[in-house]
2 protein chains.
Amino acid sequence: MQRRIASIGIVIIFSWLFGKEGLWLPTQIASLPLEEEGFQITALDIYNPEGVSLKDAIVNLGGGTAEFVSPDGLLLTNHHVAYGAVQRASTRGKDYLTNGFLAATREEELPAPGTTARILLRAEDVTDRVLDQLERNLSPLDRERQIKAHIQALREEVESEGEDLEARIAGMYSGREYWLFVYRRFDDVRVVYMPPLAIGNYGAEIDNWMWPRHSGDFAFLRVYATPEGRGREYDPANVPYHPQTYLKMSTHDLDPGDVTFILGYPGHTNRYRTSYAVRYNLERAYPRTLREFRLVMDLLDSVSMGNHIAELKVAGRKKGLANYLKKTQGMQEAMERAGFLAEKQQFEQDLTAFLQSRRKWRKRYGDVLPALEEHYRALAARDPRDHVLDLFGWLGGTLAANANGIVYTVMEREKPVAERDPDFNEKDVQRRVERLRYSYYSYYEPAEEALLTWVLTESQRLPTGMRIAPLDDLIREQGTPAQAAAYLVENTTLDSLPLVQAWYQASSEDLRQSEDPLLQLALHLYPLLEEHRRWAETWNAEMKDLRQQYISAVEQFRRRPIYPDANGTLRFTYGRVAGYSPRDAVRYEPQTTLKGVIEKDTGVEPFNLPPALRDLETRKDFGDWIDPELEDVPVAFTHQCDITNGNSGSPVLNAWGELVGIAFDLNYEALLADWRYDENLERTISVDIRYVLFVTQKFAGAERILTELGY
Amino acid sequence: MQRRIASIGIVIIFSWLFGKEGLWLPTQIASLPLEEEGFQITALDIYNPEGVSLKDAIVNLGGGTAEFVSPDGLLLTNHHVAYGAVQRASTRGKDYLTNGFLAATREEELPAPGTTARILLRAEDVTDRVLDQLERNLSPLDRERQIKAHIQALREEVESEGEDLEARIAGMYSGREYWLFVYRRFDDVRVVYMPPLAIGNYGAEIDNWMWPRHSGDFAFLRVYATPEGRGREYDPANVPYHPQTYLKMSTHDLDPGDVTFILGYPGHTNRYRTSYAVRYNLERAYPRTLREFRLVMDLLDSVSMGNHIAELKVAGRKKGLANYLKKTQGMQEAMERAGFLAEKQQFEQDLTAFLQSRRKWRKRYGDVLPALEEHYRALAARDPRDHVLDLFGWLGGTLAANANGIVYTVMEREKPVAERDPDFNEKDVQRRVERLRYSYYSYYEPAEEALLTWVLTESQRLPTGMRIAPLDDLIREQGTPAQAAAYLVENTTLDSLPLVQAWYQASSEDLRQSEDPLLQLALHLYPLLEEHRRWAETWNAEMKDLRQQYISAVEQFRRRPIYPDANGTLRFTYGRVAGYSPRDAVRYEPQTTLKGVIEKDTGVEPFNLPPALRDLETRKDFGDWIDPELEDVPVAFTHQCDITNGNSGSPVLNAWGELVGIAFDLNYEALLADWRYDENLERTISVDIRYVLFVTQKFAGAERILTELGY
């Protein structure tokens, strides 16, 4: 009997150790069993709304996360997060992407245009204010519009307090709660050290999403501000920013089993979606993405291959597509392998049985699942046509996206305020126009023409009854999709950035008078896009309401604390350094080493290691960065933290709150992670801080950075 | 100090546990530390020259090994060893290869023509007799000829004792010792159970040489003999053979760390070769094999694709080529990865320094390495032309090989005995002629024509000074290599097996009078082949002498017991069940499971599992074959035994001498194994006997076999 109790105890401990699901809100940290997990710091050390805590060292970098590591605003993030900025700063003869970049002095630090750092000043539950005084018995659409108006007012109120302030109100649990996040915004971010591509992106697409991993996916940036510590655009008079706090480098070796945690900005998860959503993705969205992305990547290759400047121009777009393509493929495979659709259906059957079991639940939630199913049916019915319309704002290229953006902006601006799209906001327009120049850094006309040709060709595949008349007309007039695209690109004025910026300030009459064929096309598409937007607005409002009810039903059914889906706001996740078993008889260890980096080196891209790094290994010149157990420099590690896109560049901290790594990926086997956490298979992949320091010191010789870090 | 001694002790134990190099002669078993390794049986239980021991259950199957597992001559071997026999027994509508074969009764057991089982009766050191009364100061060639004559005489003496006896005299340590092996030969071997291809060869070429592995690479055969227990050809009057002993099925679960051993017939290793041999292979032989095998496999595909009978005809040849191709590729990669050439060069430097250090060694062995180098230089100089000549007896197809075989035989026979090729032997000729029909089972004329075209094309690539006049003449006369090949195939009589057999008995005058263009070509090639054979005979004799000296020098230098290279004679190897690490952060466990078989099933060849096997897994209908630790049926395992080609089908036995598996492969990472044992990377891959029994009982329902095995 004693023996039985002991093994129950073991089971409980194991579930503690291994069940690491959760993208927790900062305010939820205090409810987690940190002490039992071996944390040597408290929840307040991590997140303290009243004082300085580790969260004040965390920076939102738009699509990724970064962290302060010195009192002078030095940032660490991923190589792939800094990629776009460095790409834009690269020119013929100064290919910082390929060769890497090291600023020998502060003066040489390289402006990284288009990179914005946001520092979270405060977070506040504003549910009461957002939902305050909503009229009763509103339709979901009208209710949502009122909510948006409240949010808009709240945002304007906060942002009026300072030019560099940004307010974001995020709905949690599909709008059951609303939180206000106030950021200070810094647009002067500079590159301090970026390792060469063959280190930072070693293995590239072959190794992307894969473990074992051997890339040094890190970069050092620095935030610059006014002497008063306010954010502004690049200015020679700006000085290094002094953050309230910064992360200390680890003084403990990181070993398997050690507890770690991450603070960062995960972008988006679907942890509370239904089988209808899964089916929609499996049958429609994923196959379409796979087909289209492959096509577009081939197109970009065919128009740029052999032309180095063109290759640089399309590199960022291709990298983004390739990354998401592999993720989509992995998600599809993972769903199929896991029988995820059947699992969701089973869960919904059990949930339904539970809800039917008590009158109260039946009455409150009984209709939710059928209504969700009906909404996906309605979506699928319109989907092919709406998707082609969407392409004109996205995969169709910069020209088409700008044409539609101009027409939309001008038209909304001229409407009475009450009739406007509730998402329309003059300040957003202004920011978008300011940022236009970054999209023109990578503007490449042959790519534009190829993308337009492709989108027009797609429109010709639509069945009767879904045809898009303005596109049919254009193609009929010009002959073929290719001829139509050539005509548009040849005769548009939107290849000129100043003209595009000017058009944003034009009147609808100016647009109508214009001879720009792309603007004319956008004008003809506008009513269709308007109808699509209105339909989607209603659909989204109704779905938001239904999902909120669904989450509450699930919470009743599960009877344990839940966390909201990721939505680009600050989250906390923790778990131990641990390997996993990807398939029968194969076991992945949780740490890779410099020896493994050398093993992969073939001399051929993407495994073309700089000889100087190989030499360091040959000479065993590891400096202080050797791990005593591994007897080598540790390179990357896997741990149980629960992350997703947007977490890239997040700090990985140990039980003492010291920096032990930078998160940069999930493993391929865990690609269902956006939908479901799998404790056996989901692992965060992080670069070990000792490899970061080894490369920075021994390979790059950047003693200036080491000194600033306190070495 | 005590601590230091303890760790030295640990190091010694570790080297005992992990250093499992050695293809030991049966007579060497008694000198191995079996008891320390945990053996529960003695060396005499394994090999007892005076009585019955486990070795009496071991059977040589030509290219592989098999073992008796019942008193009625039931044999276990690999699916891939029985492959050729079953292929020859398959016809349209009776595709036993694809579907498998189960004899419901003994009467239905399927004759497997061309399969010969040899049972070792005795082994004897005959060095004294072979080297007895050799004249002094002979050239290596003349010495070798005298040795061959002694061997021939000894062989005839033994074989005269019984019609089913075969004597083989094998040189060990490059002729330092000679051993006589006396076998009883059984030509009536029948198929009892062969699993379908999708189990026996599950994963096929994709998984070949790979771990983790999930194929059920086994087959049950039975040896038939005269009622008196003598071997003879298939005869309905034959009865099951009753071996002196047979192997018992394991009564112990096999777990990681358990000791195992193998008795079998490894074919060939190069453990005592020099850097000159390595360089020759790396620079010449391997790249040539890779190029030629790929070409020939493509040719065989192109002439058979879509024609099921044709595909069956070329399947055996293709399988052999694919297997060796992957091995060659792996050896080349392994040599390059390991820096094997440099390692050998370093060893030779150290050896040279050692030999120079004492006058005695310098005098005895000082010239050996330079002489070996010179011999490889001479070989390389002639190599391209000799290689094309060789192709006419091999990759050039059945027709060309027979034409050259006939001419060679007739010419040798007419020579005075003293001038004959010392390897010429009328009994061998007779056996070869008898076996001809097996090569005609897979005769397929379009393949013959394509192979001849290819070989003729190769001859046209030879540089001036190496040209082969008869081939040049033929091609000039006919126009192109393709036209020449078509002419030969169209007009030859050698597509008829009886005519081929008749030609073997003809006179040289008959050949000269013949109008068969292929025989005429062979007559023209004969003087060139004669010159090539004579040169090679001298080269081999000199090399044998040099290698013998080299091995003795290495033995002096290393000062530990050595074993002779594999040469198709019975060997013993032992080691523990153990996984390995193929690359950084990846660890392979030593056992695979039925769950892993299911995981790989895609429904598409070669991962098209029979649904009935999948159903067994779904129902967890594992019978008695579940492993308590794995909680599943174990499928395959890796262990440290040191094997090579020819060991295929060898029994794997545990500490009690019980059968735990059947060896069928080495892992890809160990492909340097023929040249050098690597304790970290070399593993034997064996099918677990529990999977054999699970498939036989639960999938095939062959209770008859289970009963015969004693269940």
# chains A, B, ... in the order shown; residues from 1 in each chain; ligands from 1
call {"tool": "closest_atom_pairs", "arguments": {"of": "chain A", "to": "chain B", "cutoff": "7 Å", "atoms": "only C-alpha atoms", "output": "Markdown table"}}
result
| residue | atom | partner | partner_atom | distance |
| --- | --- | --- | --- | --- |
| A:Pro212 | CA | B:Ala585 | CA | 6.1 |
| A:Asp584 | CA | B:Gly596 | CA | 4.9 |
| A:Ala585 | CA | B:Glu589 | CA | 4.6 |
| A:Val586 | CA | B:Tyr588 | CA | 4.7 |
| A:Arg587 | CA | B:Arg587 | CA | 5.0 |
| A:Tyr588 | CA | B:Val586 | CA | 4.7 |
| A:Glu589 | CA | B:Ala585 | CA | 4.7 |
| A:Pro590 | CA | B:Ala585 | CA | 6.8 |
| A:Gln591 | CA | B:Ala585 | CA | 6.1 |
| A:Thr592 | CA | B:Ala585 | CA | 5.4 |
| A:Thr593 | CA | B:Asp584 | CA | 7.0 |
| A:Gly596 | CA | B:Asp584 | CA | 4.9 |
call {"tool": "residues_around", "arguments": {"residues": "segment 20-26 of chain B", "least_positions_apart": "2", "cutoff": "7 Å", "atoms": "only C-alpha atoms", "output": "short mmCIF file (atom, residue, chain, number, x, y, z; two decimals) with N, CA and C atoms, in the first residue's frame"}}
result
data_model
loop_
_atom_site.label_atom_id
_atom_site.label_comp_id
_atom_site.auth_asym_id
_atom_site.auth_seq_id
_atom_site.Cartn_x
_atom_site.Cartn_y
_atom_site.Cartn_z
N PHE B 18 33.18 -2.05 -24.18
CA PHE B 18 32.83 -1.38 -25.42
C PHE B 18 33.74 -1.68 -26.60
N GLN B 28 39.85 -19.40 -31.61
CA GLN B 28 40.27 -18.29 -30.73
C GLN B 28 39.26 -18.03 -29.61
N ILE B 29 38.06 -18.61 -29.72
CA ILE B 29 36.99 -18.29 -28.76
C ILE B 29 37.45 -18.56 -27.33
N TYR B 47 32.03 -23.88 -29.52
CA TYR B 47 32.83 -24.57 -30.53
C TYR B 47 33.61 -25.70 -29.88
N TYR B 563 43.13 -10.94 -35.10
CA TYR B 563 42.29 -11.94 -35.76
C TYR B 563 42.50 -11.76 -37.25
N ALA B 566 38.15 -11.32 -42.47
CA ALA B 566 37.07 -12.23 -42.87
C ALA B 566 37.37 -12.76 -44.26
N LEU B 570 33.90 -19.58 -40.92
CA LEU B 570 33.12 -19.39 -39.70
C LEU B 570 33.84 -18.48 -38.70
N ARG B 571 33.12 -17.48 -38.19
CA ARG B 571 33.71 -16.57 -37.21
C ARG B 571 32.76 -16.33 -36.05
N PHE B 572 33.36 -15.89 -34.95
CA PHE B 572 32.64 -15.59 -33.71
C PHE B 572 32.83 -14.12 -33.39
N THR B 573 31.75 -13.43 -33.02
CA THR B 573 31.87 -12.03 -32.57
C THR B 573 30.86 -11.82 -31.45
N TYR B 574 31.19 -10.98 -30.48
CA TYR B 574 30.26 -10.78 -29.37
C TYR B 574 30.23 -9.31 -28.99
N GLY B 575 29.15 -8.91 -28.29
CA GLY B 575 29.02 -7.52 -27.85
C GLY B 575 27.64 -7.30 -27.26
N GLN B 640 26.74 -4.57 -30.41
CA GLN B 640 28.12 -4.23 -30.76
C GLN B 640 28.85 -5.28 -31.56
N CYS B 641 28.17 -6.32 -32.03
CA CYS B 641 28.90 -7.37 -32.74
C CYS B 641 29.53 -6.81 -34.02
N ASP B 642 30.60 -7.46 -34.42
CA ASP B 642 31.47 -6.99 -35.50
C ASP B 642 31.24 -7.91 -36.70
N TYR B 677 37.12 -1.09 -37.34
CA TYR B 677 36.02 -1.17 -36.37
C TYR B 677 35.98 0.13 -35.59
N GLU B 679 34.17 1.55 -32.27
CA GLU B 679 33.34 1.11 -31.15
C GLU B 679 32.19 2.07 -30.87
#
call {"tool": "residues_around", "arguments": {"residues": "Thr457 of chain A", "least_positions_apart": "3", "cutoff": "6 Å", "atoms": "only C-alpha atoms", "output": "ChimeraX atom specification"}}
result
/A:454,460,481
call {"tool": "write_last_selection", "arguments": {"atoms": "N, CA and C atoms", "output": "short mmCIF file (atom, residue, chain, number, x, y, z; two decimals), in the first residue's frame"}}
result
data_model
loop_
_atom_site.label_atom_id
_atom_site.label_comp_id
_atom_site.auth_asym_id
_atom_site.auth_seq_id
_atom_site.Cartn_x
_atom_site.Cartn_y
_atom_site.Cartn_z
N TRP A 454 0.27 36.83 -61.65
CA TRP A 454 -0.20 35.64 -60.94
C TRP A 454 -1.58 35.87 -60.32
N GLN A 460 -8.98 34.30 -62.75
CA GLN A 460 -9.61 33.63 -63.89
C GLN A 460 -10.00 32.19 -63.56
N PRO A 481 -3.75 37.88 -68.67
CA PRO A 481 -3.31 38.39 -67.36
C PRO A 481 -1.91 39.01 -67.44
#
call {"tool": "closest_residue", "arguments": {"among": "A:Ile169, A:Leu471, A:Leu519, A:Leu141", "to": "Asn402 of chain A", "atoms": "only C-alpha atoms"}}
result
A:Leu519
call {"tool": "residues_around", "arguments": {"residues": "segment 416-432 of chain A", "least_positions_apart": "6", "cutoff": "8 Å", "atoms": "only C-alpha atoms", "output": "list of chain:residue names"}}
result
A:Arg145, A:Lys148, A:Ala149, A:Thr409
call {"tool": "residues_around", "arguments": {"residues": "segment 367-371 of chain A", "least_positions_apart": "6", "cutoff": "9 Å", "atoms": "only C-alpha atoms", "output": "ChimeraX atom specification"}}
result
/A:274,348,352,543,546-547,549-550
call {"tool": "closest_residue", "arguments": {"among": "B:Gly710, B:Gly393, B:Pro384, B:Pro195", "to": "Tyr408 of chain B", "atoms": "only C-alpha atoms"}}
result
B:Gly393
call {"tool": "atom_distance", "arguments": {"atom1": "atom CA of Asp390 of chain B", "atom2": "atom CA of Asp298 of chain B"}}
result
20.6 Å
call {"tool": "select_by_dssp", "arguments": {"residues": "segment 367-612 of chain B", "states": "strand (DSSP E)", "output": "JSON list (two decimals) with N, CA and C atoms, in the first residue's frame"}}
result
[["chain", "number", "residue", "atom", "x", "y", "z"],
["B", 571, "ARG", "N", 33.12, -17.48, -38.19],
["B", 571, "ARG", "CA", 33.71, -16.57, -37.21],
["B", 571, "ARG", "C", 32.76, -16.33, -36.05],
["B", 572, "PHE", "N", 33.36, -15.89, -34.95],
["B", 572, "PHE", "CA", 32.64, -15.59, -33.71],
["B", 572, "PHE", "C", 32.83, -14.12, -33.39],
["B", 573, "THR", "N", 31.75, -13.43, -33.02],
["B", 573, "THR", "CA", 31.87, -12.03, -32.57],
["B", 573, "THR", "C", 30.86, -11.82, -31.45],
["B", 574, "TYR", "N", 31.19, -10.98, -30.48],
["B", 574, "TYR", "CA", 30.26, -10.78, -29.37],
["B", 574, "TYR", "C", 30.23, -9.31, -28.99],
["B", 575, "GLY", "N", 29.15, -8.91, -28.29],
["B", 575, "GLY", "CA", 29.02, -7.52, -27.85],
["B", 575, "GLY", "C", 27.64, -7.30, -27.26],
["B", 576, "ARG", "N", 27.48, -6.16, -26.65],
["B", 576, "ARG", "CA", 26.24, -5.91, -25.92],
["B", 576, "ARG", "C", 25.18, -5.19, -26.76],
["B", 580, "TYR", "N", 23.51, 4.12, -30.08],
["B", 580, "TYR", "CA", 24.67, 4.95, -30.39],
["B", 580, "TYR", "C", 24.21, 6.36, -30.72],
["B", 581, "SER", "N", 25.19, 7.26, -30.85],
["B", 581, "SER", "CA", 24.88, 8.65, -31.19],
["B", 581, "SER", "C", 25.39, 8.94, -32.59],
["B", 582, "PRO", "N", 24.49, 9.07, -33.56],
["B", 582, "PRO", "CA", 24.94, 9.26, -34.94],
["B", 582, "PRO", "C", 25.45, 10.66, -35.21],
["B", 583, "ARG", "N", 24.94, 11.64, -34.44],
["B", 583, "ARG", "CA", 25.41, 13.01, -34.61],
["B", 583, "ARG", "C", 25.02, 13.82, -33.39],
["B", 586, "VAL", "N", 21.79, 13.73, -31.01],
["B", 586, "VAL", "CA", 20.87, 12.68, -31.40],
["B", 586, "VAL", "C", 21.36, 11.36, -30.82],
["B", 587, "ARG", "N", 20.44, 10.63, -30.19],
["B", 587, "ARG", "CA", 20.80, 9.37, -29.56],
["B", 587, "ARG", "C", 19.84, 8.32, -30.10],
["B", 588, "TYR", "N", 20.38, 7.25, -30.65],
["B", 588, "TYR", "CA", 19.52, 6.16, -31.10],
["B", 588, "TYR", "C", 19.42, 5.10, -30.01],
["B", 591, "GLN", "N", 16.51, -0.46, -29.46],
["B", 591, "GLN", "CA", 15.39, -1.34, -29.81],
["B", 591, "GLN", "C", 14.28, -0.57, -30.51],
["B", 592, "THR", "N", 13.71, -1.16, -31.56],
["B", 592, "THR", "CA", 12.52, -0.58, -32.17],
["B", 592, "THR", "C", 11.32, -1.46, -31.84],
["B", 593, "THR", "N", 10.13, -0.92, -32.09],
["B", 593, "THR", "CA", 8.91, -1.59, -31.65],
["B", 593, "THR", "C", 7.87, -1.62, -32.77]]
call {"tool": "select_by_dssp", "arguments": {"residues": "segment 233-443 of chain A", "states": "alpha helix (DSSP H)", "output": "JSON, numbers by chain"}}
result
{"A": [275, 276, 277, 278, 279, 280, 286, 287, 288, 289, 290, 291, 292, 293, 294, 295, 296, 297, 298, 299, 300, 301, 302, 303, 304, 308, 309, 310, 311, 312, 313, 314, 315, 316, 317, 318, 319, 320, 321, 322, 323, 324, 325, 326, 327, 328, 329, 330, 331, 332, 333, 334, 335, 336, 337, 338, 340, 341, 342, 343, 344, 345, 346, 347, 348, 349, 350, 351, 352, 353, 354, 355, 356, 357, 359, 360, 361, 362, 363, 364, 365, 368, 369, 370, 371, 372, 373, 374, 375, 376, 377, 378, 379, 380, 381, 382, 383, 384, 385, 386, 387, 388, 389, 390, 391, 398, 399, 400, 401, 402, 403, 404, 405, 406, 407, 408, 409, 410, 411, 412, 413, 414, 426, 427, 428, 429, 430, 431, 432, 433, 434, 435, 436, 437, 438, 439, 440, 441]}
call {"tool": "atom_distance", "arguments": {"atom1": "atom CA of Tyr202 of chain B", "atom2": "atom CA of Ser215 of chain B"}}
result
4.7 Å
call {"tool": "residues_around", "arguments": {"residues": "Asn404 of chain B", "least_positions_apart": "5", "cutoff": "10 Å", "atoms": "only C-alpha atoms", "output": "compact mmCIF listing (two decimals) with C-alpha atoms, in the first residue's frame"}}
result
# COMPACT_ATOMS: atom_id res chain seq x y z
CA PHE B 392 32.79 -8.57 -69.99
CA GLY B 393 32.60 -11.20 -67.29
CA LEU B 399 25.58 -13.55 -72.53
CA THR B 409 37.25 -23.21 -70.10
CA LEU B 518 29.74 -13.44 -79.36
CA LEU B 519 31.98 -16.51 -79.22
CA GLN B 520 34.11 -15.00 -81.99
CA LEU B 521 34.44 -11.81 -79.99
CA ALA B 522 35.38 -13.81 -76.88
CA LEU B 523 38.04 -15.65 -78.92
CA LEU B 525 39.41 -11.03 -76.40
CA TYR B 526 40.96 -14.22 -75.00
CA LEU B 529 42.26 -11.56 -70.94
call {"tool": "residues_around", "arguments": {"residues": "Ala66 of chain B", "least_positions_apart": "5", "cutoff": "6 Å", "atoms": "only C-alpha atoms", "output": "list in words"}}
result
Val59, Leu76, Thr77, Gly649 and Ser650 of chain B
call {"tool": "closest_residue", "arguments": {"among": "A:Ala502, A:Ile626, A:Ala198, A:Leu131", "to": "Thr602 of chain A", "atoms": "only C-alpha atoms"}}
result
A:Ala198
call {"tool": "closest_residue", "arguments": {"among": "B:Tyr183, B:Glu166, B:Val278, B:Arg704", "to": "Ala334 of chain B", "atoms": "only C-alpha atoms"}}
result
B:Val278
call {"tool": "atom_distance", "arguments": {"atom1": "atom CA of Arg155 of chain A", "atom2": "atom CA of Gly175 of chain A"}}
result
16.7 Å
call {"tool": "closest_residue", "arguments": {"among": "A:Glu283, A:Asp95, A:Asp627, A:Glu708", "to": "Leu197 of chain A", "atoms": "only C-alpha atoms"}}
result
A:Asp95
call {"tool": "decode", "arguments": {"residues": "segment 655-669 of chain A", "atoms": "N, CA and C atoms", "output": "compact mmCIF listing (two decimals), in the first residue's frame"}}
result
# COMPACT_ATOMS: atom_id res chain seq x y z
N ALA A 655 16.49 29.99 -12.96
CA ALA A 655 15.79 30.09 -11.69
C ALA A 655 16.14 31.38 -10.94
N TRP A 656 17.33 31.93 -11.23
CA TRP A 656 17.77 33.17 -10.57
C TRP A 656 17.38 34.42 -11.38
N GLY A 657 16.71 34.21 -12.49
CA GLY A 657 16.33 35.34 -13.34
C GLY A 657 17.47 35.87 -14.17
N GLU A 658 18.51 35.03 -14.38
CA GLU A 658 19.64 35.44 -15.21
C GLU A 658 19.43 34.95 -16.65
N LEU A 659 20.05 35.65 -17.58
CA LEU A 659 19.85 35.33 -18.99
C LEU A 659 20.69 34.10 -19.39
N VAL A 660 20.01 33.03 -19.83
CA VAL A 660 20.73 31.82 -20.25
C VAL A 660 20.60 31.55 -21.75
N GLY A 661 19.71 32.29 -22.42
CA GLY A 661 19.56 32.05 -23.85
C GLY A 661 18.57 32.98 -24.49
N ILE A 662 18.40 32.82 -25.80
CA ILE A 662 17.44 33.61 -26.56
C ILE A 662 16.59 32.63 -27.37
N ALA A 663 15.28 32.70 -27.15
CA ALA A 663 14.37 31.79 -27.85
C ALA A 663 14.32 32.16 -29.33
N PHE A 664 14.37 31.12 -30.21
CA PHE A 664 14.25 31.47 -31.63
C PHE A 664 13.40 30.55 -32.48
N ASP A 665 12.93 29.45 -31.91
CA ASP A 665 12.14 28.56 -32.78
C ASP A 665 11.39 27.54 -31.93
N LEU A 666 10.46 26.88 -32.61
CA LEU A 666 9.85 25.66 -32.07
C LEU A 666 10.35 24.51 -32.92
N ASN A 667 10.27 23.29 -32.39
CA ASN A 667 10.66 22.13 -33.19
C ASN A 667 9.54 21.72 -34.14
N TYR A 668 9.92 21.08 -35.22
CA TYR A 668 8.98 20.72 -36.28
C TYR A 668 7.87 19.81 -35.76
N GLU A 669 8.21 18.91 -34.85
CA GLU A 669 7.23 17.96 -34.33
C GLU A 669 6.15 18.66 -33.52
